[in-house]
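Peer 1: Input run-v7.tsv, format and content: TSV, C-alpha atoms.
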chain	number	residue	atom	x	y	z
A	1	MET	CA	60.93	-21.26	19.82
A	2	ARG	CA	62.29	-23.99	22.07
A	3	ILE	CA	65.49	-25.97	21.64
A	4	ALA	CA	67.12	-28.78	23.61
A	5	LEU	CA	70.87	-28.22	24.13
A	6	ILE	CA	72.71	-31.42	25.04
A	7	HIS	CA	76.24	-32.06	26.27
A	8	ARG	CA	77.67	-34.28	28.96
A	9	LYS	CA	79.39	-32.28	31.68
A	10	GLY	CA	77.70	-29.37	33.39
A	11	GLN	CA	80.79	-27.63	34.80
A	12	LYS	CA	83.05	-25.27	32.85
A	13	LEU	CA	85.85	-27.79	32.41
A	14	GLY	CA	86.94	-27.89	28.80
A	15	GLY	CA	86.30	-26.51	25.33
A	16	VAL	CA	82.94	-28.29	24.91
A	17	GLU	CA	81.65	-27.02	28.24
A	18	ARG	CA	82.74	-23.43	27.55
A	19	PHE	CA	81.17	-23.57	24.09
A	20	ALA	CA	77.92	-24.93	25.57
A	21	GLU	CA	77.72	-21.98	27.96
A	22	LYS	CA	78.40	-19.49	25.17
A	23	ILE	CA	75.94	-21.01	22.72
A	24	ARG	CA	73.23	-21.20	25.40
A	25	HIS	CA	73.53	-17.48	26.14
A	26	PHE	CA	73.66	-16.64	22.43
A	27	LEU	CA	70.55	-18.71	21.65
A	28	GLU	CA	68.66	-17.06	24.50
A	29	LYS	CA	69.61	-13.63	23.14
A	30	GLU	CA	68.23	-14.72	19.76
A	31	GLY	CA	64.87	-15.54	21.36
A	32	TRP	CA	65.19	-19.31	21.84
A	33	THR	CA	63.96	-21.01	25.02
A	34	VAL	CA	66.78	-23.42	25.91
A	35	SER	CA	66.26	-26.73	27.72
A	36	HIS	CA	69.79	-27.55	28.88
A	37	LEU	CA	70.50	-31.28	29.33
A	38	HIS	CA	73.75	-32.51	30.87
A	39	GLU	CA	74.85	-35.31	33.18
A	40	GLY	CA	74.19	-33.25	36.29
A	41	ALA	CA	70.50	-33.11	35.41
A	42	PHE	CA	70.06	-36.89	35.82
A	43	SER	CA	70.88	-39.63	38.31
A	44	LEU	CA	73.37	-41.80	36.41
A	45	PRO	CA	75.56	-44.87	37.10
A	46	LYS	CA	79.26	-44.32	37.76
A	47	THR	CA	80.84	-46.80	35.36
A	48	ARG	CA	81.75	-45.27	31.99
A	49	LEU	CA	79.75	-47.44	29.60
A	50	ARG	CA	76.63	-47.68	31.77
A	51	ARG	CA	76.78	-43.94	32.40
A	52	LYS	CA	76.99	-43.15	28.68
A	53	LYS	CA	74.10	-45.48	27.82
A	54	ALA	CA	71.95	-44.14	30.67
A	55	PHE	CA	72.59	-40.53	29.64
A	56	ASP	CA	71.70	-41.32	26.02
A	57	ARG	CA	68.45	-42.98	27.13
A	58	ALA	CA	67.55	-40.07	29.42
A	59	CYS	CA	68.10	-37.54	26.63
A	60	ALA	CA	66.16	-39.68	24.14
A	61	ARG	CA	63.22	-39.94	26.56
A	62	PHE	CA	63.22	-36.18	27.08
A	63	VAL	CA	63.32	-35.47	23.33
A	64	HIS	CA	60.54	-38.00	22.68
A	65	LYS	CA	58.25	-36.65	25.41
A	66	GLN	CA	58.84	-33.01	24.46
A	67	ALA	CA	58.82	-33.55	20.70
A	68	SER	CA	55.69	-31.45	20.13
A	69	SER	CA	57.20	-28.39	21.84
A	70	LEU	CA	60.78	-28.67	20.53
A	71	GLN	CA	61.65	-26.93	17.27
A	72	ALA	CA	65.24	-28.22	17.29
A	73	VAL	CA	67.60	-30.54	19.22
A	74	LEU	CA	71.24	-29.42	19.30
A	75	SER	CA	73.74	-31.94	20.64
A	76	LEU	CA	77.37	-31.04	21.24
A	77	GLU	CA	78.27	-34.72	21.54
A	78	LYS	CA	77.47	-37.94	19.72
A	79	ILE	CA	74.37	-39.13	21.55
A	80	ASP	CA	71.64	-41.47	20.31
A	81	CYS	CA	68.72	-39.09	20.81
A	82	ASN	CA	67.57	-38.08	17.29
A	83	ALA	CA	69.35	-34.72	17.32
A	84	THR	CA	68.41	-32.38	14.49
A	85	HIS	CA	71.70	-30.49	14.79
A	86	LEU	CA	75.02	-32.00	15.89
A	87	ARG	CA	78.36	-30.32	16.56
A	88	LEU	CA	81.29	-32.69	16.10
A	89	GLY	CA	83.61	-30.72	18.38
A	90	GLU	CA	85.65	-33.75	19.46
A	91	GLY	CA	86.02	-35.21	15.98
A	92	LEU	CA	85.39	-38.84	15.04
A	93	HIS	CA	85.89	-41.64	17.55
A	94	ALA	CA	86.68	-43.98	14.65
A	95	THR	CA	89.55	-41.75	13.49
A	96	TYR	CA	90.83	-41.32	17.04
A	97	LEU	CA	90.99	-45.10	17.55
A	98	GLN	CA	92.68	-45.62	14.21
A	99	LYS	CA	95.36	-43.02	14.96
A	100	ARG	CA	95.82	-44.25	18.52
A	101	ALA	CA	96.25	-47.88	17.41
A	102	TYR	CA	99.22	-46.86	15.28
A	103	PHE	CA	101.19	-45.94	18.41
A	104	GLU	CA	99.97	-48.70	20.75
A	105	SER	CA	101.34	-52.18	21.45
A	106	PHE	CA	99.71	-55.27	19.93
A	107	LEU	CA	98.08	-56.10	23.29
A	108	LYS	CA	96.68	-52.59	23.67
A	109	ARG	CA	95.33	-52.61	20.10
A	110	TRP	CA	93.60	-55.89	20.82
A	111	HIS	CA	92.09	-54.43	23.98
A	112	LEU	CA	90.79	-51.39	22.06
A	113	ARG	CA	89.12	-53.66	19.51
A	114	GLN	CA	87.49	-55.76	22.25
A	115	SER	CA	86.39	-52.83	24.43
A	116	ARG	CA	82.62	-52.71	24.86
A	117	PHE	CA	82.80	-48.98	25.46
A	118	HIS	CA	84.61	-48.25	22.20
A	119	ARG	CA	82.38	-50.60	20.20
A	120	HIS	CA	79.31	-48.87	21.63
A	121	ALA	CA	80.78	-45.43	20.91
A	122	LEU	CA	81.44	-46.41	17.28
A	123	ALA	CA	77.90	-47.75	16.86
A	124	VAL	CA	76.38	-44.57	18.28
A	125	GLU	CA	78.66	-42.43	16.11
A	126	LYS	CA	77.49	-44.17	12.95
A	127	LYS	CA	73.85	-44.08	13.99
A	128	CYS	CA	73.69	-40.38	14.81
A	129	LEU	CA	75.76	-39.24	11.80
A	130	GLU	CA	73.67	-41.29	9.36
A	131	ASN	CA	70.35	-40.49	11.05
A	132	PRO	CA	67.89	-39.12	8.44
A	133	ARG	CA	66.54	-36.70	11.07
A	134	LEU	CA	69.92	-34.97	11.31
A	135	ASN	CA	69.49	-31.63	9.57
A	136	THR	CA	72.93	-30.07	10.05
A	137	LEU	CA	76.31	-31.43	11.10
A	138	PHE	CA	78.76	-28.80	12.35
A	139	CYS	CA	82.51	-29.47	12.06
A	140	ASN	CA	85.17	-27.10	13.39
A	141	ALA	CA	87.73	-28.01	10.71
A	142	ASP	CA	87.66	-29.13	7.10
A	143	MET	CA	89.87	-32.05	8.18
A	144	VAL	CA	86.99	-33.43	10.26
A	145	LYS	CA	84.50	-32.89	7.43
A	146	GLN	CA	86.64	-34.94	5.06
A	147	GLU	CA	86.97	-37.71	7.67
A	148	VAL	CA	83.17	-37.84	8.02
A	149	LEU	CA	82.60	-38.03	4.26
A	150	ALA	CA	85.20	-40.80	3.93
A	151	ARG	CA	83.66	-42.97	6.66
A	152	TYR	CA	79.92	-42.37	6.77
A	153	GLN	CA	76.94	-42.05	4.44
A	154	ILE	CA	75.91	-38.43	4.88
A	155	PRO	CA	75.04	-35.87	2.19
A	156	PRO	CA	77.86	-33.27	1.94
A	157	GLU	CA	75.31	-30.44	1.89
A	158	LYS	CA	74.36	-31.29	5.49
A	159	ILE	CA	77.87	-30.48	6.73
A	160	VAL	CA	78.83	-26.95	7.75
A	161	VAL	CA	82.41	-26.05	8.73
A	162	ILE	CA	82.69	-23.27	11.31
A	163	GLN	CA	86.08	-22.87	12.99
A	164	ASN	CA	86.37	-22.21	16.70
A	165	GLY	CA	86.36	-18.60	17.82
A	166	ILE	CA	88.40	-16.63	20.30
A	167	ASN	CA	87.31	-14.07	22.88
A	168	TRP	CA	89.70	-11.22	22.10
A	169	SER	CA	88.81	-9.31	25.26
A	170	GLU	CA	90.50	-12.07	27.32
A	171	TYR	CA	93.83	-11.52	25.57
A	172	GLU	CA	94.04	-7.78	24.94
A	173	GLY	CA	95.40	-7.03	28.43
A	174	PRO	CA	97.82	-9.99	28.66
A	175	PHE	CA	99.12	-9.27	25.15
A	176	ALA	CA	99.71	-5.60	25.93
A	177	SER	CA	101.82	-6.50	29.00
A	178	TRP	CA	103.61	-9.62	27.75
A	179	ARG	CA	107.10	-8.07	27.77
A	180	GLU	CA	106.87	-6.97	31.41
A	181	GLU	CA	105.24	-10.22	32.50
A	182	LYS	CA	107.87	-12.28	30.69
A	183	VAL	CA	110.58	-10.69	32.84
A	184	ALA	CA	108.51	-11.23	36.00
A	185	LEU	CA	107.86	-14.88	35.15
A	186	HIS	CA	111.56	-15.50	34.55
A	187	ARG	CA	112.22	-14.31	38.08
A	188	ARG	CA	109.26	-16.08	39.68
A	189	TYR	CA	110.13	-19.50	38.27
A	190	ASP	CA	113.90	-18.99	38.06
A	191	LEU	CA	113.90	-19.71	34.33
A	192	PRO	CA	116.83	-19.12	31.96
A	193	SER	CA	116.80	-16.25	29.48
A	194	CYS	CA	116.63	-18.19	26.20
A	195	PHE	CA	114.20	-19.37	23.54
A	196	HIS	CA	111.13	-20.82	25.25
A	197	PHE	CA	108.96	-23.57	23.79
A	198	LEU	CA	105.56	-24.28	25.32
A	199	PHE	CA	103.32	-27.35	25.44
A	200	VAL	CA	99.72	-26.96	26.69
A	201	GLY	CA	97.24	-29.81	27.05
A	202	ASN	CA	95.82	-32.60	29.18
A	203	GLY	CA	96.43	-36.15	27.99
A	204	PHE	CA	100.11	-36.10	27.08
A	205	VAL	CA	100.01	-39.19	24.88
A	206	ARG	CA	97.34	-38.04	22.43
A	207	LYS	CA	98.67	-34.49	22.50
A	208	GLY	CA	102.12	-35.76	21.49
A	209	LEU	CA	104.27	-34.69	24.44
A	210	TRP	CA	106.37	-37.86	24.03
A	211	PHE	CA	107.15	-36.86	20.45
A	212	LEU	CA	108.11	-33.39	21.63
A	213	LEU	CA	110.38	-34.58	24.43
A	214	GLN	CA	112.30	-36.85	22.06
A	215	ALA	CA	112.78	-34.06	19.52
A	216	PHE	CA	113.58	-31.44	22.16
A	217	ALA	CA	116.33	-33.58	23.72
A	218	ALA	CA	118.46	-33.04	20.60
A	219	LEU	CA	118.00	-29.26	20.44
A	220	PRO	CA	120.72	-26.76	21.45
A	221	LYS	CA	121.12	-26.38	25.20
A	222	ASN	CA	120.08	-22.71	25.21
A	223	THR	CA	116.40	-23.70	24.82
A	224	HIS	CA	113.68	-24.35	27.38
A	225	LEU	CA	110.38	-26.25	27.37
A	226	SER	CA	107.48	-25.50	29.72
A	227	VAL	CA	104.75	-28.14	30.01
A	228	VAL	CA	101.31	-26.98	31.21
A	229	GLY	CA	98.71	-29.70	31.75
A	230	ARG	CA	98.06	-32.99	33.50
A	231	CYS	CA	98.21	-36.67	32.61
A	232	LYS	CA	98.67	-39.99	34.39
A	233	THR	CA	101.84	-40.52	32.33
A	234	LEU	CA	103.57	-37.58	34.06
A	235	PRO	CA	105.90	-39.85	36.12
A	236	SER	CA	107.11	-41.53	32.91
A	237	CYS	CA	107.71	-38.14	31.31
A	238	LYS	CA	109.75	-37.03	34.31
A	239	ARG	CA	111.83	-40.21	34.14
A	240	PHE	CA	112.60	-39.46	30.49
A	241	VAL	CA	113.70	-35.95	31.45
A	242	ARG	CA	116.01	-37.28	34.18
A	243	LYS	CA	117.42	-40.01	31.93
A	244	HIS	CA	118.37	-37.48	29.26
A	245	LYS	CA	119.62	-34.89	31.81
A	246	LEU	CA	117.02	-32.30	30.81
A	247	GLU	CA	116.06	-31.20	34.33
A	248	ASN	CA	117.39	-27.67	33.74
A	249	ARG	CA	115.67	-27.36	30.38
A	250	VAL	CA	112.21	-28.91	30.92
A	251	ARG	CA	109.72	-27.87	33.62
A	252	PHE	CA	106.31	-29.35	34.39
A	253	PHE	CA	103.82	-26.81	35.75
A	254	GLY	CA	100.67	-28.93	36.07
A	255	ALA	CA	97.18	-27.91	34.98
A	256	GLN	CA	96.64	-24.16	35.26
A	257	ASN	CA	95.73	-21.06	33.29
A	258	PRO	CA	98.11	-21.07	30.30
A	259	THR	CA	97.90	-17.30	29.61
A	260	PRO	CA	101.00	-16.36	31.68
A	261	PHE	CA	102.94	-19.02	29.78
A	262	TYR	CA	101.80	-17.54	26.47
A	263	GLN	CA	103.38	-14.31	27.73
A	264	LEU	CA	106.58	-16.17	28.55
A	265	ALA	CA	106.97	-18.40	25.49
A	266	ASP	CA	108.23	-17.81	21.96
A	267	CYS	CA	106.62	-20.86	20.33
A	268	LEU	CA	103.75	-23.25	21.12
A	269	VAL	CA	104.18	-26.86	20.00
A	270	ILE	CA	101.14	-29.10	19.28
A	271	PRO	CA	102.42	-32.49	18.02
A	272	SER	CA	99.09	-34.33	18.55
A	273	TYR	CA	98.34	-37.56	16.75
A	274	TYR	CA	94.66	-36.48	16.70
A	275	ASP	CA	93.19	-33.13	17.67
A	276	PRO	CA	90.01	-32.08	15.82
A	277	ALA	CA	90.71	-28.38	16.45
A	278	ALA	CA	92.94	-27.47	19.39
A	279	ASN	CA	91.77	-24.17	20.93
A	280	VAL	CA	95.30	-23.49	22.16
A	281	THR	CA	96.25	-22.90	18.51
A	282	LEU	CA	94.07	-19.78	18.40
A	283	GLU	CA	95.00	-18.71	21.92
A	284	ALA	CA	98.73	-18.85	21.21
A	285	LEU	CA	98.37	-16.90	17.97
A	286	ALA	CA	96.25	-14.30	19.76
A	287	MET	CA	99.18	-13.91	22.17
A	288	GLY	CA	101.64	-13.52	19.28
A	289	LEU	CA	103.37	-16.91	19.43
A	290	ARG	CA	104.61	-18.96	16.53
A	291	VAL	CA	102.89	-22.37	16.47
A	292	VAL	CA	104.41	-25.66	15.37
A	293	SER	CA	101.58	-28.15	14.90
A	294	SER	CA	101.00	-31.59	13.50
A	295	THR	CA	98.67	-31.74	10.50
A	296	ALA	CA	96.44	-34.02	12.62
A	297	ASN	CA	95.29	-30.86	14.44
A	298	GLY	CA	92.36	-29.45	12.47
A	299	ALA	CA	93.15	-25.92	13.63
A	300	ALA	CA	96.51	-26.20	11.84
A	301	GLU	CA	94.60	-25.39	8.64
A	302	ILE	CA	94.98	-21.69	9.46
A	303	LEU	CA	98.76	-21.96	9.90
A	304	PRO	CA	101.38	-21.35	7.19
A	305	PRO	CA	102.48	-24.65	5.60
A	306	THR	CA	106.02	-24.34	7.01
A	307	TRP	CA	104.62	-24.42	10.56
A	308	ARG	CA	102.85	-27.76	10.00
A	309	VAL	CA	104.43	-31.18	10.56
A	310	ASP	CA	103.14	-34.31	8.82
A	311	LYS	CA	104.96	-36.86	11.00
A	312	PRO	CA	105.44	-35.53	14.54
A	313	GLU	CA	106.29	-39.07	15.68
A	314	ASP	CA	109.54	-38.83	13.70
A	315	PRO	CA	111.93	-36.97	16.06
A	316	ARG	CA	114.05	-35.74	13.14
A	317	VAL	CA	111.07	-34.19	11.36
A	318	LEU	CA	109.75	-32.47	14.48
A	319	GLN	CA	113.26	-31.42	15.50
A	320	GLN	CA	113.76	-29.69	12.15
A	321	ALA	CA	110.51	-27.76	12.63
A	322	LEU	CA	111.67	-26.66	16.09
A	323	LEU	CA	115.08	-25.61	14.76
A	324	THR	CA	113.33	-23.48	12.14
A	325	ALA	CA	111.16	-21.89	14.85
A	326	LEU	CA	114.31	-21.04	16.84
A	327	GLN	CA	115.25	-18.55	14.15
A	328	GLU	CA	112.30	-16.31	15.06
A	329	LYS	CA	112.16	-15.25	18.68
A	330	LYS	CA	109.02	-13.41	19.72
A	331	THR	CA	109.19	-9.63	19.25
A	332	GLU	CA	106.62	-6.84	19.27
A	333	GLU	CA	106.54	-6.81	15.48
A	334	SER	CA	106.41	-10.58	14.95
A	335	ALA	CA	103.72	-10.97	17.65
A	336	VAL	CA	101.35	-8.56	15.89
A	337	LYS	CA	101.84	-10.46	12.62
A	338	LYS	CA	100.93	-13.72	14.36
A	339	GLN	CA	97.73	-12.13	15.68
A	340	ASP	CA	96.70	-11.28	12.12
A	341	LEU	CA	96.31	-15.01	11.39
A	342	VAL	CA	93.34	-15.21	13.79
A	343	ARG	CA	92.07	-11.65	13.68
A	344	SER	CA	88.85	-12.72	11.94
A	345	PHE	CA	88.05	-15.58	14.36
A	346	CYS	CA	86.10	-13.51	16.89
A	347	ASP	CA	83.99	-15.87	19.01
A	348	GLN	CA	80.83	-13.75	18.69
A	349	LYS	CA	81.20	-13.74	14.92
A	350	GLN	CA	81.68	-17.53	14.83
A	351	LEU	CA	78.73	-18.07	17.18
A	352	ARG	CA	76.54	-15.90	14.97
A	353	LYS	CA	77.47	-18.06	11.97
A	354	PHE	CA	76.62	-21.15	14.02
A	355	VAL	CA	73.22	-19.92	15.17
A	356	GLN	CA	72.29	-18.82	11.65
A	357	HIS	CA	72.33	-22.50	10.66
A	358	ILE	CA	70.04	-23.56	13.52
A	359	ARG	CA	66.55	-23.36	12.12
A	360	PRO	CA	63.32	-24.99	13.32
A	361	VAL	CA	62.92	-28.47	11.83
Once more with this new file: its structure as structure tokens, please.
Peer 2:
Amino acid sequence: MRIALIHRKGQKLGGVERFAEKIRHFLEKEGWTVSHLHEGAFSLPKTRLRRKKAFDRACARFVHKQASSLQAVLSLEKIDCNATHLRLGEGLHATYLQKRAYFESFLKRWHLRQSRFHRHALAVEKKCLENPRLNTLFCNADMVKQEVLARYQIPPEKIVVIQNGINWSEYEGPFASWREEKVALHRRYDLPSCFHFLFVGNGFVRKGLWFLLQAFAALPKNTHLSVVGRCKTLPSCKRFVRKHKLENRVRFFGAQNPTPFYQLADCLVIPSYYDPAANVTLEALAMGLRVVSSTANGAAEILPPTWRVDKPEDPRVLQQALLTALQEKKTEESAVKKQDLVRSFCDQKQLRKFVQHIRPV
């Protein structure tokens, strides 16, 4: 059996790219012949809108020409190519724009409404989700499923919710040595011995770093925040830190492997205004951290209700959640209990569930 696997970027950059690599290997093990389509396979324009349209057309041409030999077309992104199976790993663009507009200025909201790129993305989203040829729509959180049903005309029985998985072998070693590494990291970065909060993510605005900085500024002084990730708003974030005299309590470490910081931290904070299912939620739990997350993160569905925040943009609400987290510093015993929350989310198990729903159409 032959399947076309479609996603944009060919390198192992983010969650979608890593999932594409895993699902390709898993499908091949199951006997599928995989035709892998990504941007690197075509000569495309550089501008964002023209590039997206050209990639969609290239994929559509391939699917049309190879239709007789393809038993299924699996797209990991919203692309106008008559996919039979679609994974909505990045959630809905319509919901993202709605949530983003709430925090933007009037001028920026106007620009978002007028943007040709966003209007095209919304049109493609509607077309591919309501396409009669779509056999199965995969969502990685029930939150995303409910958003789809509220916005688009799609039979509920077509939607399958399969949460993201975690490769436990990557975290067994780091978890076993977290106490020793925590001490070493304190020395390496000259960090204070206190309760450590952690923020991990690229794109500080959507991920809610501004909300976190405002709430953190009012916390007791014997607390520390490490920020791992990159964003063009970094200079503004640093100015906020200087203005509020937080230089000794907030450190920016740039984009790098977050695992050592999971060893260092006591609590991960994810105050996103929209995050379909943040993988760092599972990673932090696998490393034994408490997680404070906004309810706009689909992965927060696996967290205890007291760890979830409805309005992260309200500094008082988020601050209260952080103060509650301060009462439980990471220990050997508490870390093992946190792991139990994601013990069943083995990536191979989740991939097997996924592939079981990919049948020839």
Peer 1: Counting only C-alpha atoms, give me one row per residue of range 26-136 of chain A with an atom at most 12 Å from an atom of range 301-316 of chain A, showing the shortest contact pair and its distance in Å to one decimal, sorted by chain then residue number, as CSV.
Peer 2:
residue,atom,partner,partner_atom,distance
A:Lys99,CA,A:Glu313,CA,11.6
A:Tyr102,CA,A:Glu313,CA,10.5
A:Phe103,CA,A:Glu313,CA,9.0
Peer 1: Write out as number ranges by chain which residues come within 9 Å of Met143 in chain A when counting only C-alpha atoms, dropping same-chain ones fewer than 6 positions away.
Peer 2: A: 276, 296-299, 301
Peer 1: Considering all atoms listed in the file, tabulate each residue of range 149-205 of chain A that lies at most 9 Å from range 255-264 of chain A along with its nearest interatomic pair and the corresponding distance in Å to one decimal; arrange the rows by chain and ascending residue number and present them as CSV.
Peer 2:
residue,atom,partner,partner_atom,distance
A:Tyr171,CA,A:Thr259,CA,8.1
A:Pro174,CA,A:Gln263,CA,7.1
A:Phe175,CA,A:Gln263,CA,7.1
A:Ser177,CA,A:Gln263,CA,8.1
A:Trp178,CA,A:Gln263,CA,4.7
A:Arg179,CA,A:Gln263,CA,7.3
A:Glu180,CA,A:Gln263,CA,8.9
A:Glu181,CA,A:Gln263,CA,6.6
A:Lys182,CA,A:Leu264,CA,4.6
A:Val183,CA,A:Leu264,CA,8.0
A:Leu185,CA,A:Leu264,CA,6.8
A:His186,CA,A:Leu264,CA,7.8
A:His196,CA,A:Leu264,CA,7.3
A:Leu198,CA,A:Phe261,CA,7.4
A:Val200,CA,A:Pro258,CA,7.1
A:Gly201,CA,A:Ala255,CA,8.2
A:Asn202,CA,A:Ala255,CA,7.6
Peer 1: What's the separation between CA of Pro360 in chain A and CA of Ala41 in chain A, in Å to one decimal place?
Peer 2: 24.6 Å
Peer 1: Identify, on the basis of all atoms listed in the file, every residue whose closest approach to range 59-62 of chain A does not exceed 10 Å; exclude the query and any residue fewer than 4 positions from it along the same chain; express the result as a list in words.
Peer 2: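 The contact residues come out as Ala4, Ile6, His7, Ser35, Leu37, His38, Glu39, Phe42, Ala54, Phe55, Gln66, Ala67, Ser75, Ile79, Asp80, Cys81, Asn82 and Ala83 of chain A.
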Peer 1: For Leu76 in chain A, find every residue with an atom within 12 Å (counting only C-alpha atoms), except residues of its own chain fewer than 6 positions away, and show them as a CSV table (one decimal) with C-alpha atoms, keeping the file's coordinate frame.
Peer 2:
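Once everything was written out, this is selection27.csv:
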chain,number,residue,atom,x,y,z
A,4,ALA,CA,67.1,-28.8,23.6
A,5,LEU,CA,70.9,-28.2,24.1
A,6,ILE,CA,72.7,-31.4,25.0
A,7,HIS,CA,76.2,-32.1,26.3
A,8,ARG,CA,77.7,-34.3,29.0
A,9,LYS,CA,79.4,-32.3,31.7
A,15,GLY,CA,86.3,-26.5,25.3
A,16,VAL,CA,82.9,-28.3,24.9
A,17,GLU,CA,81.6,-27.0,28.2
A,18,ARG,CA,82.7,-23.4,27.6
A,19,PHE,CA,81.2,-23.6,24.1
A,20,ALA,CA,77.9,-24.9,25.6
A,21,GLU,CA,77.7,-22.0,28.0
A,23,ILE,CA,75.9,-21.0,22.7
A,24,ARG,CA,73.2,-21.2,25.4
A,36,HIS,CA,69.8,-27.6,28.9
A,37,LEU,CA,70.5,-31.3,29.3
A,38,HIS,CA,73.8,-32.5,30.9
A,83,ALA,CA,69.4,-34.7,17.3
A,84,THR,CA,68.4,-32.4,14.5
A,85,HIS,CA,71.7,-30.5,14.8
A,86,LEU,CA,75.0,-32.0,15.9
A,87,ARG,CA,78.4,-30.3,16.6
A,88,LEU,CA,81.3,-32.7,16.1
A,89,GLY,CA,83.6,-30.7,18.4
A,90,GLU,CA,85.6,-33.8,19.5
A,91,GLY,CA,86.0,-35.2,16.0
A,128,CYS,CA,73.7,-40.4,14.8
A,137,LEU,CA,76.3,-31.4,11.1
A,138,PHE,CA,78.8,-28.8,12.4
A,139,CYS,CA,82.5,-29.5,12.1
A,140,ASN,CA,85.2,-27.1,13.4
Peer 1: What lies within 12 Å of range 212-217 of chain A using all atoms listed in the file, ignoring chain neighbours under 5 positions off, as a PDB file with C-alpha atoms, in the frame of the given file?
Peer 2:
ATOM      1  CA  HIS A 196     111.130 -20.820  25.250  1.00  0.00           C
ATOM      2  CA  PHE A 197     108.960 -23.570  23.790  1.00  0.00           C
ATOM      3  CA  LEU A 198     105.560 -24.280  25.320  1.00  0.00           C
ATOM      4  CA  PHE A 199     103.320 -27.350  25.440  1.00  0.00           C
ATOM      5  CA  VAL A 200      99.720 -26.960  26.690  1.00  0.00           C
ATOM      6  CA  PHE A 204     100.110 -36.100  27.080  1.00  0.00           C
ATOM      7  CA  VAL A 205     100.010 -39.190  24.880  1.00  0.00           C
ATOM      8  CA  ARG A 206      97.340 -38.040  22.430  1.00  0.00           C
ATOM      9  CA  LYS A 207      98.670 -34.490  22.500  1.00  0.00           C
ATOM     10  CA  ASN A 222     120.080 -22.710  25.210  1.00  0.00           C
ATOM     11  CA  THR A 223     116.400 -23.700  24.820  1.00  0.00           C
ATOM     12  CA  HIS A 224     113.680 -24.350  27.380  1.00  0.00           C
ATOM     13  CA  LEU A 225     110.380 -26.250  27.370  1.00  0.00           C
ATOM     14  CA  SER A 226     107.480 -25.500  29.720  1.00  0.00           C
ATOM     15  CA  VAL A 227     104.750 -28.140  30.010  1.00  0.00           C
ATOM     16  CA  SER A 236     107.110 -41.530  32.910  1.00  0.00           C
ATOM     17  CA  CYS A 237     107.710 -38.140  31.310  1.00  0.00           C
ATOM     18  CA  LYS A 238     109.750 -37.030  34.310  1.00  0.00           C
ATOM     19  CA  ARG A 239     111.830 -40.210  34.140  1.00  0.00           C
ATOM     20  CA  PHE A 240     112.600 -39.460  30.490  1.00  0.00           C
ATOM     21  CA  VAL A 241     113.700 -35.950  31.450  1.00  0.00           C
ATOM     22  CA  ARG A 242     116.010 -37.280  34.180  1.00  0.00           C
ATOM     23  CA  LYS A 243     117.420 -40.010  31.930  1.00  0.00           C
ATOM     24  CA  HIS A 244     118.370 -37.480  29.260  1.00  0.00           C
ATOM     25  CA  LYS A 245     119.620 -34.890  31.810  1.00  0.00           C
ATOM     26  CA  LEU A 246     117.020 -32.300  30.810  1.00  0.00           C
ATOM     27  CA  GLU A 247     116.060 -31.200  34.330  1.00  0.00           C
ATOM     28  CA  ASN A 248     117.390 -27.670  33.740  1.00  0.00           C
ATOM     29  CA  ARG A 249     115.670 -27.360  30.380  1.00  0.00           C
ATOM     30  CA  VAL A 250     112.210 -28.910  30.920  1.00  0.00           C
ATOM     31  CA  ARG A 251     109.720 -27.870  33.620  1.00  0.00           C
ATOM     32  CA  PHE A 252     106.310 -29.350  34.390  1.00  0.00           C
ATOM     33  CA  LEU A 268     103.750 -23.250  21.120  1.00  0.00           C
ATOM     34  CA  VAL A 269     104.180 -26.860  20.000  1.00  0.00           C
ATOM     35  CA  ILE A 270     101.140 -29.100  19.280  1.00  0.00           C
ATOM     36  CA  PRO A 271     102.420 -32.490  18.020  1.00  0.00           C
ATOM     37  CA  SER A 272      99.090 -34.330  18.550  1.00  0.00           C
ATOM     38  CA  TYR A 273      98.340 -37.560  16.750  1.00  0.00           C
ATOM     39  CA  VAL A 292     104.410 -25.660  15.370  1.00  0.00           C
ATOM     40  CA  SER A 293     101.580 -28.150  14.900  1.00  0.00           C
ATOM     41  CA  SER A 294     101.000 -31.590  13.500  1.00  0.00           C
ATOM     42  CA  VAL A 309     104.430 -31.180  10.560  1.00  0.00           C
ATOM     43  CA  LYS A 311     104.960 -36.860  11.000  1.00  0.00           C
ATOM     44  CA  PRO A 312     105.440 -35.530  14.540  1.00  0.00           C
ATOM     45  CA  GLU A 313     106.290 -39.070  15.680  1.00  0.00           C
ATOM     46  CA  ASP A 314     109.540 -38.830  13.700  1.00  0.00           C
ATOM     47  CA  PRO A 315     111.930 -36.970  16.060  1.00  0.00           C
ATOM     48  CA  ARG A 316     114.050 -35.740  13.140  1.00  0.00           C
ATOM     49  CA  VAL A 317     111.070 -34.190  11.360  1.00  0.00           C
ATOM     50  CA  LEU A 318     109.750 -32.470  14.480  1.00  0.00           C
ATOM     51  CA  GLN A 319     113.260 -31.420  15.500  1.00  0.00           C
ATOM     52  CA  GLN A 320     113.760 -29.690  12.150  1.00  0.00           C
ATOM     53  CA  ALA A 321     110.510 -27.760  12.630  1.00  0.00           C
ATOM     54  CA  LEU A 322     111.670 -26.660  16.090  1.00  0.00           C
ATOM     55  CA  LEU A 323     115.080 -25.610  14.760  1.00  0.00           C
ATOM     56  CA  LEU A 326     114.310 -21.040  16.840  1.00  0.00           C
TER      57      LEU A 326
END
Peer 1: Which value, in Å to one decimal, gives the distance between CA of Lys337 in chain A and CA of Arg352 in chain A?
Peer 2: 26.0 Å
Peer 1: Which neighbours of range 156-169 of chain A fall inside 7 Å, counting only C-alpha atoms, when residues of the same chain fewer than 4 positions from it are skipped, and could you give them as JSON, numbers by chain?
Peer 2: {"A": [135, 136, 137, 138, 139, 140, 141, 142, 282, 345, 346, 347, 350, 354]}
